[in-house]
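Chemist: The structure follows.
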Amino acid sequence: MDFFQEIVDKIQTTFIEDDRWMYLTDGLKTTLIITFFAVILGMLLGFLIAIVRATHDKTGKLKLLNILAKVYLTVIRGTPVVVQLLIIYFVIFASVNVDKTVVAVLAFGLNSAAYVAEIVRSGIMAIDSGQFEAGASLGLNYPKTMVSIILPQAFKNVLPALANECIVLLKETSVAGYIAVTDLTKGGDIIRSQTYEAFLPLIAVALIYLIMVMILSALVTRLERRLAKHDRG
């Protein structure tokens with residue numbers, strides 16, 4: 001009984017007193033906002049880069065854009081996301097008064113775009129070349145064939161991989177505190193600094209991330225089953 005009472009007392013001291021639990025809820029809200037908008041940015045930019053690279057591979061066109069895309073992918077995929085975050089905030093926006101959450105969205109969105117681009121490009125390249133010929137036989141030019149025929153099939157094939165990229169992005173946002181964004185991880189760290197109790201705040205943060213990842217993973221698994229069932233049908 002003394003052990004459980006001690007745990008209850010620690011929870012009371014760590015989270016309940018002074019409404020410290022709000023650091024976690026407010027931080028969670030910030031984490032979800034960053035993740036949501038970073039996913040949108042990453043998907044839009046990633047699809048554009050994938051189309052450029054796939055078009056070059058298929059037709060030999062867009063050479064300059066393809067070179068720029070390859071440089072972008074090499075730099076982004078070859079450097080840690082936390083370093084990219086710091087460069088964007090302390091170097092690129094050093095003389096500009098910009099919201100830290102916006103900086104985090106840009107950093108994580110640009111990072112995610114590089115991985116989304118390669119995922120989507122692999123999906124496009126996996127589509128049989130006969131699909132392009134079928135589009136041409138229907139009187140469609142290359143852009144219309146890409147939008148109407150190729151991309152829908154590629155998107156369906158890589159959807160589970162894109163969903164997993166969203167899960168990875170959610171976890172990567174935990175380093176947003178490096179630029180003083182009060183996200184979920186930073187919220188737990190603030191509680192730790194006030195109570196000098198590291199175990200409970202960090203465990204709470206880990207559990208919240210774990211629950212979110214488990215929910216997203218379950219949704220991905222369900223999506224994969226529905227796609228597999230649809231293919232069999």
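Following the order of the structure tokens, first chain is A, next is B, and so on, with residues numbered from 1 inside each chain and ligands from 1 in the order they appear.
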Quick one: residues within 12 Å of A:Glu133, only C-alpha atoms counted, chain neighbours fewer than 5 positions away excluded, as a PDB file with C-alpha atoms, in the first residue's frame?
Modeler:
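Saved result, around.pdb, follows:
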ATOM      1  CA  ILE A 127       3.919   0.906 -63.343  1.00  0.00           C
ATOM      2  CA  ASP A 128       4.217  -0.977 -66.616  1.00  0.00           C
ATOM      3  CA  LEU A 138      -6.541   7.196 -75.925  1.00  0.00           C
ATOM      4  CA  GLY A 139      -5.254  10.515 -77.209  1.00  0.00           C
ATOM      5  CA  LEU A 140      -3.785  11.640 -73.885  1.00  0.00           C
ATOM      6  CA  ASN A 141      -0.510  13.545 -73.775  1.00  0.00           C
ATOM      7  CA  TYR A 142       2.176  12.726 -71.201  1.00  0.00           C
ATOM      8  CA  THR A 145      -1.515  10.233 -68.813  1.00  0.00           C
ATOM      9  CA  MET A 146       0.565  10.817 -65.687  1.00  0.00           C
ATOM     10  CA  ILE A 149      -3.615   6.887 -65.270  1.00  0.00           C
ATOM     11  CA  ILE A 150      -0.169   6.560 -63.686  1.00  0.00           C
TER      12      ILE A 150
END
Chemist: Taking 6 positions as the minimum chain separation for residues in the same chain, which residues sit within 8 Å of stretch 28-32 of chain A when counting only C-alpha atoms? Answer as a PyMOL selection string.
Modeler: chain A and resi 101+170+173-174+182-184
Chemist: Have a look at atom CA of A:Arg20 and atom CA of A:Phe36 and let me know their distance in Å, one decimal.
Modeler: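 Interatomic distance, atom CA of A:Arg20 to atom CA of A:Phe36: 25.2 Å.
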Chemist: Using only C-alpha atoms for the distances, tell me which of A:Ile191, A:Ile179, A:Val103, A:Val168 is nearest to A:Met212.
Modeler: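 Under the stated criterion, the closest residue is A:Val168.
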Chemist: Would you mind listing what lies within 12 Å of stretch 198-200 of chain A as an NGL selection string, with only C-alpha atoms counted and same-chain residues fewer than 4 positions away left out?
Modeler: :A and (7-15 or 21 or 24 or 188-194 or 204-207)
Chemist: Write out as a list in words which residues come within 10 Å of A:Asn157 when counting only C-alpha atoms, dropping same-chain ones fewer than 4 positions away.
Modeler: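 The residues that qualify are Ile119, Val120, Ser122, Gly123, Ile124, Ala126, Ile127, Leu151, Pro152, Gln153, Ala161, Leu162, Glu224 and Leu227 of chain A.
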Chemist: Let me see the file: selected residues, N, CA, C and O atoms, as a PDB file, in the first residue's frame.
Modeler:
ATOM      1  N   ILE A 119       9.635   7.358 -52.387  1.00  0.00           N
ATOM      2  CA  ILE A 119       8.568   6.363 -52.285  1.00  0.00           C
ATOM      3  C   ILE A 119       7.645   6.427 -53.493  1.00  0.00           C
ATOM      4  O   ILE A 119       7.326   5.415 -54.132  1.00  0.00           O
ATOM      5  N   VAL A 120       7.220   7.653 -53.836  1.00  0.00           N
ATOM      6  CA  VAL A 120       6.303   7.837 -54.958  1.00  0.00           C
ATOM      7  C   VAL A 120       6.992   7.522 -56.279  1.00  0.00           C
ATOM      8  O   VAL A 120       6.399   6.912 -57.174  1.00  0.00           O
ATOM      9  N   SER A 122       9.356   5.404 -56.835  1.00  0.00           N
ATOM     10  CA  SER A 122       9.432   3.947 -56.989  1.00  0.00           C
ATOM     11  C   SER A 122       8.085   3.382 -57.420  1.00  0.00           C
ATOM     12  O   SER A 122       8.022   2.427 -58.211  1.00  0.00           O
ATOM     13  N   GLY A 123       6.994   3.978 -56.908  1.00  0.00           N
ATOM     14  CA  GLY A 123       5.662   3.538 -57.318  1.00  0.00           C
ATOM     15  C   GLY A 123       5.383   3.834 -58.771  1.00  0.00           C
ATOM     16  O   GLY A 123       4.793   3.010 -59.491  1.00  0.00           O
ATOM     17  N   ILE A 124       5.811   5.025 -59.232  1.00  0.00           N
ATOM     18  CA  ILE A 124       5.605   5.389 -60.639  1.00  0.00           C
ATOM     19  C   ILE A 124       6.427   4.484 -61.554  1.00  0.00           C
ATOM     20  O   ILE A 124       5.929   3.983 -62.571  1.00  0.00           O
ATOM     21  N   ALA A 126       7.344   1.546 -61.067  1.00  0.00           N
ATOM     22  CA  ALA A 126       6.867   0.159 -61.039  1.00  0.00           C
ATOM     23  C   ALA A 126       5.674  -0.062 -61.978  1.00  0.00           C
ATOM     24  O   ALA A 126       5.334  -1.210 -62.285  1.00  0.00           O
ATOM     25  N   ILE A 127       5.047   1.032 -62.423  1.00  0.00           N
ATOM     26  CA  ILE A 127       3.919   0.906 -63.343  1.00  0.00           C
ATOM     27  C   ILE A 127       4.436   0.490 -64.713  1.00  0.00           C
ATOM     28  O   ILE A 127       5.408   1.059 -65.227  1.00  0.00           O
ATOM     29  N   LEU A 151      -0.436   8.159 -61.855  1.00  0.00           N
ATOM     30  CA  LEU A 151      -0.403   8.559 -60.448  1.00  0.00           C
ATOM     31  C   LEU A 151      -1.441   7.845 -59.584  1.00  0.00           C
ATOM     32  O   LEU A 151      -1.116   7.445 -58.458  1.00  0.00           O
ATOM     33  N   PRO A 152      -2.691   7.679 -60.040  1.00  0.00           N
ATOM     34  CA  PRO A 152      -3.658   6.943 -59.199  1.00  0.00           C
ATOM     35  C   PRO A 152      -3.195   5.530 -58.867  1.00  0.00           C
ATOM     36  O   PRO A 152      -3.356   5.074 -57.725  1.00  0.00           O
ATOM     37  N   GLN A 153      -2.613   4.834 -59.851  1.00  0.00           N
ATOM     38  CA  GLN A 153      -2.123   3.473 -59.605  1.00  0.00           C
ATOM     39  C   GLN A 153      -0.906   3.486 -58.679  1.00  0.00           C
ATOM     40  O   GLN A 153      -0.811   2.658 -57.765  1.00  0.00           O
ATOM     41  N   ALA A 161       3.246   2.658 -47.570  1.00  0.00           N
ATOM     42  CA  ALA A 161       4.573   3.216 -47.294  1.00  0.00           C
ATOM     43  C   ALA A 161       4.472   4.694 -46.933  1.00  0.00           C
ATOM     44  O   ALA A 161       5.198   5.180 -46.056  1.00  0.00           O
ATOM     45  N   LEU A 162       3.568   5.412 -47.583  1.00  0.00           N
ATOM     46  CA  LEU A 162       3.372   6.829 -47.261  1.00  0.00           C
ATOM     47  C   LEU A 162       2.801   6.977 -45.851  1.00  0.00           C
ATOM     48  O   LEU A 162       3.179   7.892 -45.116  1.00  0.00           O
ATOM     49  N   GLU A 224      -3.930  -1.513 -45.369  1.00  0.00           N
ATOM     50  CA  GLU A 224      -3.283  -2.537 -46.179  1.00  0.00           C
ATOM     51  C   GLU A 224      -4.215  -3.712 -46.433  1.00  0.00           C
ATOM     52  O   GLU A 224      -4.255  -4.268 -47.540  1.00  0.00           O
ATOM     53  N   LEU A 227      -6.842  -2.672 -49.015  1.00  0.00           N
ATOM     54  CA  LEU A 227      -6.277  -2.627 -50.352  1.00  0.00           C
ATOM     55  C   LEU A 227      -6.073  -4.031 -50.906  1.00  0.00           C
ATOM     56  O   LEU A 227      -6.345  -4.300 -52.084  1.00  0.00           O
TER      57      LEU A 227
END
Chemist: Check stretch 13-179 of chain A with DSSP on the backbone and list each residue it calls alpha helix (DSSP H), as a ChimeraX atom specification.
Modeler: /A:21-59,63-78,81-87,100-126,130-137,142-145,151-172
Chemist: Report, in Å with one decimal, the straight-line distance from atom CA of A:Cys166 to atom CA of A:Phe108.
Modeler: 10.8 Å
Chemist: Between A:Ile76, A:Ala180, A:Val213, A:Ala113, which residue has the minimum interatomic distance to A:Ile40, considering only C-alpha atoms?
Modeler: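 Smallest separation from A:Ile40 among the options: A:Ala113.
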Chemist: Skip A:Ile92 itself and residues of its chain fewer than 6 positions away, then list as a list in words all residues within 12 Å of it, counting only C-alpha atoms.
Modeler: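 Skipping anything fewer than 6 positions along the chain leaves Gln84, Leu85, Leu86, Val98, Val103, Leu106 and Ala107 of chain A.
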Chemist: Have a look at atom CA of A:Leu223 and atom CA of A:Ala114 and let me know their distance in Å, one decimal.
Modeler: 23.4 Å
